[in-house]
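Colleague: Contents of input.txt (compact mmCIF, C-alpha atoms) are given next:
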```txt
# COMPACT_ATOMS: atom_id res chain seq x y z
CA MET A 295 140.48 -66.50 -120.56
CA ARG A 296 140.98 -66.69 -116.80
CA GLU A 297 144.13 -68.18 -115.36
CA THR A 298 144.03 -71.39 -113.44
CA GLY A 299 145.47 -71.53 -109.95
CA PRO A 300 145.85 -73.81 -106.97
CA THR A 301 142.73 -75.13 -105.31
CA GLY A 302 144.16 -76.88 -102.31
CA GLY A 303 143.20 -80.20 -103.91
CA THR A 304 143.85 -83.30 -101.88
CA GLY A 305 144.48 -85.92 -104.56
CA PRO A 306 142.45 -88.28 -106.72
CA VAL A 307 138.75 -87.65 -107.21
CA ARG A 308 136.03 -90.01 -108.41
CA THR A 309 136.18 -89.46 -112.16
CA ALA A 310 133.90 -90.94 -114.84
CA GLY A 311 133.41 -90.60 -118.57
CA ALA A 312 130.28 -90.07 -120.65
CA PRO A 313 129.34 -91.33 -124.12
CA ILE A 314 128.25 -87.81 -125.19
CA SER A 315 131.94 -86.85 -125.06
CA TRP A 316 132.25 -89.22 -128.04
CA GLY A 317 129.23 -87.61 -129.75
CA VAL A 318 126.84 -90.41 -128.79
CA CYS A 319 123.40 -88.84 -128.49
CA GLU A 320 119.88 -89.84 -129.44
CA VAL A 321 118.72 -86.39 -130.61
CA PRO A 322 117.67 -86.79 -134.27
CA GLY A 323 120.31 -85.48 -136.66
CA TRP A 324 122.85 -84.91 -133.88
CA GLY A 325 125.82 -86.25 -135.85
CA ARG A 326 127.93 -89.34 -136.38
CA GLN A 327 127.23 -92.02 -133.77
CA LEU A 328 130.30 -94.06 -132.81
CA ASP A 329 129.75 -97.69 -131.87
CA ARG A 330 129.97 -98.64 -128.23
CA SER A 331 132.95 -100.96 -128.66
CA ARG A 332 135.09 -98.05 -129.78
CA VAL A 333 133.80 -95.68 -127.10
CA LEU A 334 134.25 -98.15 -124.25
CA ALA A 335 137.68 -99.25 -125.49
CA GLU A 336 138.86 -95.65 -125.64
CA MET A 337 137.55 -95.01 -122.13
CA ARG A 338 139.60 -97.99 -120.98
CA GLU A 339 142.69 -96.75 -122.85
CA LEU A 340 142.39 -93.43 -121.03
CA GLY A 341 142.34 -95.16 -117.65
CA LEU A 342 138.71 -94.43 -116.84
CA THR A 343 136.99 -97.01 -114.63
CA ALA A 344 133.45 -95.56 -114.66
CA THR A 345 130.96 -94.07 -117.10
CA GLU A 346 127.44 -92.79 -117.35
CA LEU A 347 125.03 -94.93 -119.34
CA GLY A 348 124.51 -92.75 -122.40
CA PRO A 349 121.36 -92.70 -124.52
CA ASP A 350 118.80 -95.47 -124.66
CA GLY A 351 120.14 -98.32 -126.78
CA PHE A 352 123.82 -97.48 -126.42
CA LEU A 353 124.27 -100.14 -123.73
CA PRO A 354 122.22 -103.32 -123.24
CA PRO A 355 118.86 -102.58 -121.57
CA SER A 356 119.20 -105.51 -119.17
CA PRO A 357 120.93 -104.41 -115.93
CA THR A 358 122.81 -107.73 -115.79
CA ARG A 359 124.01 -107.57 -119.39
CA CYS A 360 124.92 -103.91 -119.01
CA ARG A 361 127.05 -104.62 -115.93
CA SER A 362 128.70 -107.57 -117.63
CA LEU A 363 129.55 -105.67 -120.80
CA LEU A 364 131.03 -102.74 -118.93
CA ALA A 365 133.08 -105.09 -116.76
CA GLU A 366 134.71 -106.46 -119.92
CA TYR A 367 136.20 -102.99 -120.38
CA GLY A 368 137.04 -102.48 -116.71
CA LEU A 369 134.16 -100.04 -116.31
CA ARG A 370 131.09 -99.62 -114.14
CA ALA A 371 128.04 -97.40 -114.63
CA VAL A 372 127.67 -94.59 -112.10
CA GLY A 373 124.79 -92.54 -113.45
CA GLY A 374 122.23 -92.15 -116.17
CA PHE A 375 120.29 -89.27 -117.71
CA VAL A 376 116.51 -89.63 -117.39
CA PRO A 377 114.50 -86.79 -118.99
CA VAL A 378 110.89 -86.73 -117.81
CA VAL A 379 107.97 -84.30 -118.11
CA LEU A 380 107.45 -82.87 -114.62
CA HIS A 381 105.23 -79.83 -115.18
CA GLU A 382 102.00 -81.05 -116.78
CA ALA A 383 98.85 -81.71 -114.75
CA ASP A 384 97.70 -84.62 -116.92
CA HIS A 385 101.03 -86.44 -116.88
CA ASP A 386 102.33 -88.44 -113.92
CA PRO A 387 106.12 -88.86 -114.09
CA LEU A 388 106.35 -91.15 -111.08
CA PRO A 389 105.91 -94.53 -112.86
CA VAL A 390 108.74 -93.76 -115.28
CA VAL A 391 111.02 -92.45 -112.54
CA ARG A 392 110.28 -95.43 -110.27
CA ALA A 393 111.09 -97.79 -113.15
CA ALA A 394 114.39 -95.97 -113.66
CA MET A 395 115.24 -96.15 -109.96
CA ARG A 396 114.43 -99.86 -109.84
CA ALA A 397 116.57 -100.56 -112.92
CA PHE A 398 119.43 -98.49 -111.54
CA MET A 399 119.21 -100.40 -108.26
CA ASP A 400 119.31 -103.74 -110.12
CA GLY A 401 122.23 -102.52 -112.24
CA GLU A 402 124.15 -101.01 -109.32
CA VAL A 403 124.07 -97.56 -110.93
CA ASP A 404 124.54 -94.86 -108.32
CA VAL A 405 122.83 -91.70 -109.59
CA VAL A 406 119.56 -90.98 -111.38
CA VAL A 407 120.09 -87.72 -113.27
CA LEU A 408 116.65 -86.28 -113.97
CA ALA A 409 115.98 -83.48 -116.42
CA ALA A 410 112.77 -81.46 -116.61
CA SER A 411 111.94 -82.35 -120.20
CA THR A 412 109.71 -80.25 -122.43
CA GLY A 413 108.50 -83.49 -124.02
CA GLY A 414 110.03 -82.50 -127.37
CA GLU A 415 112.83 -84.03 -129.42
CA SER A 416 115.45 -81.27 -129.36
CA TYR A 417 116.96 -78.67 -127.07
CA ASP A 418 116.40 -75.74 -129.41
CA ALA A 419 112.97 -74.58 -128.16
CA ARG A 420 111.17 -74.66 -124.82
CA PRO A 421 108.16 -73.17 -123.03
CA GLU A 422 108.25 -70.87 -120.03
CA LEU A 423 106.15 -72.19 -117.16
CA ASP A 424 103.41 -70.29 -115.35
CA ALA A 425 102.90 -70.44 -111.58
CA ALA A 426 100.54 -73.42 -111.82
CA ALA A 427 103.04 -75.46 -113.82
CA TRP A 428 105.82 -74.61 -111.37
CA LYS A 429 103.67 -75.82 -108.51
CA ILE A 430 103.16 -79.13 -110.30
CA LEU A 431 106.88 -79.44 -111.08
CA THR A 432 108.10 -78.82 -107.54
CA GLY A 433 105.37 -81.07 -106.17
CA ASN A 434 106.55 -83.87 -108.46
CA LEU A 435 110.14 -83.36 -107.29
CA ARG A 436 109.00 -83.82 -103.69
CA ARG A 437 107.07 -87.00 -104.62
CA ILE A 438 110.09 -88.41 -106.45
CA LEU A 439 112.40 -87.77 -103.50
CA LYS A 440 109.97 -89.51 -101.16
CA ASN A 441 109.90 -92.56 -103.44
CA ALA A 442 113.68 -92.63 -103.88
CA LYS A 443 114.21 -93.92 -100.35
CA GLU A 444 112.74 -97.25 -101.41
CA PHE A 445 115.45 -97.85 -104.01
CA GLY A 446 118.51 -96.44 -102.26
CA ARG A 447 119.59 -94.39 -105.28
CA THR A 448 120.79 -90.80 -105.35
CA VAL A 449 118.33 -88.75 -107.41
CA THR A 450 119.32 -85.36 -108.80
CA LEU A 451 117.83 -82.71 -111.09
CA HIS A 452 120.01 -81.51 -113.96
CA PRO A 453 119.44 -77.90 -115.07
CA HIS A 454 119.87 -78.21 -118.83
CA ILE A 455 119.59 -76.01 -121.91
CA GLY A 456 116.32 -76.66 -123.73
CA THR A 457 114.48 -78.00 -120.68
CA VAL A 458 112.10 -76.08 -118.43
CA VAL A 459 114.84 -75.64 -115.81
CA GLU A 460 117.50 -73.76 -117.74
CA ASN A 461 118.20 -70.23 -116.45
CA ARG A 462 119.22 -68.70 -113.13
CA GLU A 463 115.68 -67.89 -112.00
CA GLU A 464 114.50 -71.42 -112.75
CA VAL A 465 117.40 -73.01 -110.87
CA GLN A 466 116.58 -70.82 -107.88
CA ARG A 467 112.92 -71.85 -108.01
CA VAL A 468 113.99 -75.49 -107.76
CA LEU A 469 116.25 -74.70 -104.81
CA ASP A 470 113.51 -72.73 -103.05
CA GLY A 471 110.60 -75.01 -103.90
CA SER A 472 112.05 -78.44 -103.16
CA SER A 473 114.90 -80.24 -101.45
CA MET A 474 115.86 -82.10 -104.65
CA PRO A 475 119.67 -82.41 -104.98
CA LEU A 476 121.23 -80.97 -108.11
CA CYS A 477 123.49 -82.32 -110.80
CA LEU A 478 125.92 -79.44 -111.26
CA ASP A 479 126.64 -79.30 -114.99
CA THR A 480 129.19 -76.53 -115.27
CA GLY A 481 128.54 -76.08 -118.99
CA HIS A 482 124.76 -76.07 -119.10
CA LEU A 483 124.60 -73.76 -116.10
CA LEU A 484 126.95 -71.18 -117.58
CA ALA A 485 125.31 -71.40 -120.99
CA GLY A 486 121.91 -70.92 -119.32
CA GLY A 487 123.03 -67.82 -117.42
CA THR A 488 123.98 -69.28 -114.02
CA ASP A 489 127.51 -68.88 -112.68
CA PRO A 490 128.32 -72.43 -111.52
CA ALA A 491 131.05 -71.20 -109.14
CA GLU A 492 128.54 -68.87 -107.49
CA LEU A 493 126.05 -71.72 -107.22
CA VAL A 494 128.68 -73.85 -105.47
CA SER A 495 129.30 -71.00 -103.06
CA GLN A 496 125.58 -70.58 -102.43
CA ALA A 497 124.38 -74.18 -102.30
CA ALA A 498 127.23 -76.70 -102.24
CA GLY A 499 125.19 -78.88 -99.89
CA ARG A 500 122.55 -79.38 -102.59
CA ILE A 501 125.04 -80.71 -105.16
CA ALA A 502 125.13 -84.51 -105.34
CA HIS A 503 126.61 -85.12 -108.81
CA VAL A 504 128.84 -83.11 -111.16
CA HIS A 505 129.20 -82.94 -114.94
CA LEU A 506 132.42 -81.06 -115.74
CA LYS A 507 132.50 -79.06 -118.97
CA ASP A 508 134.33 -75.97 -120.12
CA VAL A 509 132.50 -73.42 -122.25
CA ASP A 510 133.11 -70.75 -124.86
CA ALA A 511 131.26 -67.93 -123.10
CA ALA A 512 130.86 -65.89 -126.30
CA LEU A 513 129.03 -68.74 -128.04
CA ALA A 514 126.93 -69.30 -124.91
CA GLY A 515 125.93 -65.64 -124.96
CA ARG A 516 124.80 -65.95 -128.56
CA VAL A 517 122.59 -68.92 -127.61
CA ARG A 518 121.00 -66.91 -124.77
CA ALA A 519 120.46 -63.98 -127.13
CA GLY A 520 118.69 -66.19 -129.66
CA GLU A 521 121.38 -65.68 -132.31
CA LEU A 522 122.30 -69.37 -132.42
CA THR A 523 120.42 -72.54 -131.67
CA TYR A 524 121.91 -74.72 -128.98
CA THR A 525 122.66 -77.50 -131.48
CA ARG A 526 124.44 -75.09 -133.82
CA ALA A 527 126.52 -73.77 -130.93
CA VAL A 528 127.59 -77.28 -129.93
CA LYS A 529 128.62 -77.94 -133.53
CA ASP A 530 130.63 -74.71 -133.46
CA GLY A 531 132.55 -75.71 -130.32
CA LEU A 532 130.44 -74.45 -127.42
CA TYR A 533 132.03 -77.04 -125.13
CA ARG A 534 135.79 -77.22 -124.77
CA PRO A 535 138.27 -79.55 -123.09
CA LEU A 536 138.73 -78.52 -119.47
CA GLY A 537 140.98 -75.48 -119.18
CA ARG A 538 140.25 -74.17 -122.69
CA GLY A 539 137.13 -72.17 -121.93
CA ASP A 540 135.66 -69.63 -119.55
CA VAL A 541 134.29 -71.74 -116.67
CA ASP A 542 136.05 -71.05 -113.35
CA LEU A 543 136.87 -74.69 -112.75
CA PRO A 544 139.43 -74.07 -109.97
CA ALA A 545 136.80 -72.19 -107.94
CA ILE A 546 134.20 -74.89 -108.57
CA VAL A 547 136.36 -77.89 -107.71
CA GLY A 548 138.00 -76.05 -104.83
CA GLY A 549 134.63 -74.98 -103.41
CA LEU A 550 133.21 -78.47 -103.65
CA THR A 551 136.32 -79.94 -102.04
CA ARG A 552 136.09 -77.53 -99.12
CA ALA A 553 132.40 -78.35 -98.75
CA GLY A 554 133.21 -82.08 -98.46
CA TYR A 555 131.82 -83.17 -101.82
CA ASP A 556 132.72 -86.83 -102.38
CA GLY A 557 130.56 -87.67 -105.40
CA TRP A 558 131.45 -88.24 -109.02
CA TYR A 559 133.05 -85.82 -111.45
CA VAL A 560 131.81 -86.85 -114.89
CA LEU A 561 133.94 -85.54 -117.77
CA GLU A 562 131.22 -84.61 -120.22
CA GLN A 563 132.00 -82.50 -123.25
CA ASP A 564 128.96 -82.62 -125.53
CA ILE A 565 130.16 -82.78 -129.12
CA VAL A 566 128.67 -83.22 -132.58
CA LEU A 567 130.88 -85.35 -134.82
CA GLY A 568 131.19 -85.09 -138.57
CA PRO A 569 131.66 -88.14 -140.83
CA THR A 570 135.43 -88.47 -140.23
CA ASP A 571 135.97 -86.65 -136.93
CA GLY A 572 138.23 -88.64 -134.62
CA ASP A 573 139.42 -91.01 -137.35
CA PRO A 574 143.18 -91.53 -137.79
CA GLY A 575 144.57 -88.87 -140.09
CA ALA A 576 141.30 -86.89 -140.20
CA SER A 577 141.71 -83.14 -140.24
CA GLY A 578 138.62 -82.34 -138.17
CA THR A 579 137.09 -80.24 -140.93
CA SER A 580 133.76 -79.82 -139.09
CA GLY A 581 135.28 -77.63 -136.40
CA ALA A 582 137.60 -77.43 -133.44
CA PHE A 583 138.17 -80.13 -130.81
CA ARG A 584 136.93 -83.03 -132.94
CA ASP A 585 139.01 -85.91 -131.57
CA PRO A 586 136.97 -87.27 -128.66
CA LYS A 587 139.69 -89.40 -127.08
CA GLU A 588 142.22 -86.57 -127.09
CA ASN A 589 139.65 -84.13 -125.73
CA VAL A 590 138.97 -86.43 -122.78
CA ARG A 591 142.66 -87.12 -122.29
CA GLU A 592 143.29 -83.39 -122.05
CA SER A 593 140.41 -82.89 -119.62
CA LEU A 594 141.62 -85.75 -117.45
CA ALA A 595 145.12 -84.26 -117.31
CA TYR A 596 143.69 -80.86 -116.39
CA LEU A 597 141.51 -82.28 -113.61
CA ARG A 598 144.37 -84.32 -112.18
CA LYS A 599 146.58 -81.26 -112.11
CA LEU A 600 143.82 -79.22 -110.52
CA THR A 601 143.23 -81.75 -107.73
CA GLY A 602 146.85 -82.59 -107.05
CA ASP A 603 146.64 -86.13 -108.44
CA GLU A 604 150.13 -86.89 -109.73
CA THR A 605 149.02 -90.04 -111.59
CA GLU A 606 149.94 -89.68 -115.25
CA PRO A 607 147.07 -90.64 -117.58
CA PRO A 608 147.76 -93.46 -120.04
CA GLY A 609 149.39 -92.23 -123.22
CA GLY A 610 151.13 -89.29 -121.58
CA ASP A 611 150.05 -86.06 -120.00
CA MET A 612 148.42 -83.29 -121.97
CA PRO A 613 148.72 -79.58 -121.16
CA GLY A 614 145.36 -78.47 -119.89
CA SER A 615 145.98 -75.45 -117.70
CA SER A 616 145.83 -72.92 -120.49
CA GLY A 617 144.77 -72.60 -124.08
CA SER A 618 142.67 -70.67 -126.52
CA GLY A 619 139.61 -69.55 -125.56
CA SER A 620 124.60 -85.16 -122.08
CA ASP A 621 120.69 -86.67 -123.75
CA GLY A 622 112.09 -88.81 -126.38
CA SER A 623 109.08 -90.00 -125.66
CA ARG A 624 106.13 -88.45 -123.87
CA SER A 625 107.56 -89.57 -120.55
CA GLY A 626 111.13 -88.83 -121.53
CA GLY A 627 112.51 -86.49 -124.10
CA PRO A 628 115.81 -86.02 -125.77
CA GLY A 629 118.68 -87.92 -124.27
CA SER A 630 117.17 -90.75 -122.32
CA GLY A 631 120.09 -92.73 -121.00
CA GLY A 632 117.97 -95.48 -119.64
CA PRO A 633 116.80 -97.00 -117.65
CA PRO A 634 118.26 -100.36 -118.57
CA GLY A 635 115.24 -102.64 -118.45
CA GLU A 636 114.54 -106.07 -119.84
CA GLU A 637 116.83 -107.55 -122.44
CA ARG A 638 115.79 -106.83 -126.00
CA ALA A 639 116.53 -109.05 -128.95
```
What is this file in structure tokens?

Modeller:
Amino acid sequence: MRETGPTGGTGPVRTAGAPISWGVCEVPGWGRQLDRSRVLAEMRELGLTATELGPDGFLPPSPTRCRSLLAEYGLRAVGGFVPVVLHEADHDPLPVVRAAMRAFMDGEVDVVVLAASTGGESYDARPELDAAAWKILTGNLRRILKNAKEFGRTVTLHPHIGTVVENREEVQRVLDGSSMPLCLDTGHLLAGGTDPAELVSQAAGRIAHVHLKDVDAALAGRVRAGELTYTRAVKDGLYRPLGRGDVDLPAIVGGLTRAGYDGWYVLEQDIVLGPTDGDPGASGTSGAFRDPKENVRESLAYLRKLTGDETEPPGGDMPGSSGSGSDGSRSGGPGSGGPPGEERA
């Protein structure tokens, strides 16, 4: 595993949590789903003041109720994952995306995190697009960006395992074929075959939102080779607390800092929880890194050290600089984090 080093960090960064770090995901059969009161309380205990929305149904669908509930825990929502089919000629994604942007505006949520959904229910299989489908996809990205001005939200595209924008070539086609900003997910990019540090070096100006993960590169290679499904790899510990994997986080954060990035860093370690993972006294029998709160605490400590923030996280610092080596319907797909719409009973 690579050594961490100084980045020239300048102090605190805008840091948020994500329910998927507590295993909260709508993919069928994903694992134990913790209730929101526990997840939000643990975010508060860790000193977080912001979160992404999580999957549909995790938070109240009404923007007003959602804001109010989060405020009870000292939190605000800063982004939400919105998978949508972008590549099919007979499917118009714009109504769904406009509804998401309107709901995010009403709920004061900063960032719409789009994913190019296959339309399926898992991330373990996906099609490869032909030239005609790519033309439709990039055309839809341009339409969405044009509409975004009306709502004043930041809209990004999230390259993601199991979507139609997964690997290095596909990320480059988005960069070349549109001006859509990216959500830089350090884990999904590396697992899909893109070096996220290289992408920062190449296109830092296109990055408007960041999901920070660390990754076991050997497991990621087995997913790319077809030896493991993505879901199996996550269960086996594909994602690690920051500093415990193979992502060059110092180069990424340092490069973004030098480029003037001032957006959110979302600590997002996708995890699949077993029946007792994270419970007091549980042994974590379903695999490594199974205590969500301690995982996030460790990642927070690592990021603070990396950026020169001397604030000690609640509960004490955790060593994070070394160790052993996010989210369907026809118009959505796995992992819809919203949008929060009208209140449901």

Colleague: Please indicate the distance in Å from atom CA of Gly374 of chain A to atom CA of Gly481 of chain A, rounded to one decimal place.

Modeller: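 About the pair atom CA of Gly374 of chain A and atom CA of Gly481 of chain A: they are 17.5 Å apart.
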
Colleague: Restrict the calculation to all atoms listed in the file, then for each residue of segment 498-612 of chain A with any atom at most 10 Å from an atom of segment 306-318 of chain A give the closest atom pair and their distance in Å to one decimal, rows by chain and rising residue number, as a Markdown table.

Modeller:
```
| residue | atom | partner | partner_atom | distance |
| --- | --- | --- | --- | --- |
| A:Val504 | CA | A:Thr309 | CA | 9.8 |
| A:His505 | CA | A:Ala312 | CA | 9.2 |
| A:Leu506 | CA | A:Thr309 | CA | 9.9 |
| A:Lys507 | CA | A:Ser315 | CA | 9.9 |
| A:Tyr533 | CA | A:Ser315 | CA | 9.8 |
| A:Pro535 | CA | A:Ser315 | CA | 9.9 |
| A:Thr551 | CA | A:Val307 | CA | 9.6 |
| A:Tyr555 | CA | A:Val307 | CA | 9.9 |
| A:Asp556 | CA | A:Arg308 | CA | 7.6 |
| A:Gly557 | CA | A:Arg308 | CA | 6.7 |
| A:Trp558 | CA | A:Arg308 | CA | 4.9 |
| A:Tyr559 | CA | A:Thr309 | CA | 4.9 |
| A:Val560 | CA | A:Ala310 | CA | 4.6 |
| A:Leu561 | CA | A:Gly311 | CA | 5.2 |
| A:Glu562 | CA | A:Ser315 | CA | 5.4 |
| A:Gln563 | CA | A:Ser315 | CA | 4.7 |
| A:Asp564 | CA | A:Ser315 | CA | 5.2 |
| A:Ile565 | CA | A:Gly317 | CA | 5.0 |
| A:Val566 | CA | A:Gly317 | CA | 5.3 |
| A:Leu567 | CA | A:Gly317 | CA | 5.8 |
| A:Gly568 | CA | A:Gly317 | CA | 9.4 |
| A:Asp571 | CA | A:Gly317 | CA | 9.9 |
| A:Gly572 | CA | A:Trp316 | CA | 8.9 |
| A:Arg584 | CA | A:Trp316 | CA | 9.2 |
| A:Asp585 | CA | A:Trp316 | CA | 8.3 |
| A:Pro586 | CA | A:Trp316 | CA | 5.1 |
| A:Lys587 | CA | A:Trp316 | CA | 7.5 |
| A:Asn589 | CA | A:Ser315 | CA | 8.2 |
| A:Val590 | CA | A:Ser315 | CA | 7.4 |
| A:Leu594 | CA | A:Thr309 | CA | 8.4 |
| A:Leu597 | CA | A:Val307 | CA | 8.8 |
| A:Arg598 | CA | A:Pro306 | CA | 7.0 |
| A:Lys599 | CA | A:Pro306 | CA | 9.8 |
| A:Leu600 | CA | A:Pro306 | CA | 9.9 |
| A:Thr601 | CA | A:Pro306 | CA | 6.7 |
| A:Gly602 | CA | A:Pro306 | CA | 7.2 |
| A:Asp603 | CA | A:Pro306 | CA | 5.0 |
| A:Glu604 | CA | A:Pro306 | CA | 8.4 |
| A:Thr605 | CA | A:Pro306 | CA | 8.4 |
```

Colleague: Measure the distance from atom CA of Gln466 of chain A to atom CA of Leu347 of chain A in Å and round it to one decimal.

Modeller: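 Interatomic distance here is 28.0 Å.
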
Colleague: Dump as a list in words all residues having an atom at most 7 Å from (128.0, -72.9, -120.5), computed in the file's coordinates with all atoms listed in the file.

Modeller: Thr480, Gly481, His482, Leu483, Leu484, Ala485, Gly486, Val509, Ala511 and Ala514 of chain A

Colleague: Print the selection's residues with C-alpha atoms to a file, as a short mmCIF file (atom, residue, chain, number, x, y, z; two decimals), keeping the file's coordinate frame.

Modeller:
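This went into again_4.cif:
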```cif
data_model
loop_
_atom_site.label_atom_id
_atom_site.label_comp_id
_atom_site.auth_asym_id
_atom_site.auth_seq_id
_atom_site.Cartn_x
_atom_site.Cartn_y
_atom_site.Cartn_z
CA THR A 480 129.19 -76.53 -115.27
CA GLY A 481 128.54 -76.08 -118.99
CA HIS A 482 124.76 -76.07 -119.10
CA LEU A 483 124.60 -73.76 -116.10
CA LEU A 484 126.95 -71.18 -117.58
CA ALA A 485 125.31 -71.40 -120.99
CA GLY A 486 121.91 -70.92 -119.32
CA VAL A 509 132.50 -73.42 -122.25
CA ALA A 511 131.26 -67.93 -123.10
CA ALA A 514 126.93 -69.30 -124.91
#
```

Colleague: Between A:Ala425, A:Val407, A:Val333, A:Ala419, single out the one closest to Thr457 of chain A, counting only C-alpha atoms.

Modeller: A:Ala419

Colleague: Figure out the distance between atom CA of Leu334 of chain A and atom CA of Ser593 of chain A, please, to one decimal in Å.

Modeller: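 Atom CA of Leu334 of chain A lies at a distance of 17.1 Å from atom CA of Ser593 of chain A.
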
Colleague: Which is closer to Gly341 of chain A than all the others in A:Ile546, A:Val458, A:Cys477, A:Ala595, using only C-alpha atoms?

Modeller: A:Ala595

Colleague: Applying 7 Å and only C-alpha atoms, which residues near Phe445 of chain A remain after dropping the ones on its own chain fewer than 5 positions away? List them as a PyMOL selection string.

Modeller: chain A and resi 395-396+399

Colleague: Which is closer to Ile438 of chain A than all the others in A:Ser472, A:Thr525, A:Ser416, A:Thr570, using all atoms listed in the file?

Modeller: A:Ser472

Colleague: Would you list the residues near (118.1, -72.2, -115.3), meaning any protein, DNA or RNA residue with an atom at most 7 Å from that point in file coordinates, counting all atoms listed in the file, as a ChimeraX atom specification?

Modeller: /A:453,459-465,483,486-488

Colleague: Of the candidates A:Val541, A:Leu532, A:Leu469, A:Val405, which shows the shortest atom-to-atom distance to Arg436 of chain A, using only C-alpha atoms?

Modeller: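 Closest candidate: A:Leu469.
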
Colleague: If we count all atoms listed in the file and set the cut-off at 9 Å, which residues sit around Leu364 of chain A, ignoring sequence neighbours fewer than 4 positions away in its own chain? Please answer as a PyMOL selection string.

Modeller: chain A and resi 334+344-345+353+359-360+368-371

Colleague: Taking all atoms listed in the file into account, which of A:Gly537, A:Gly433, A:Gly401, A:Gly554 comes nearest Arg447 of chain A?

Modeller: A:Gly401
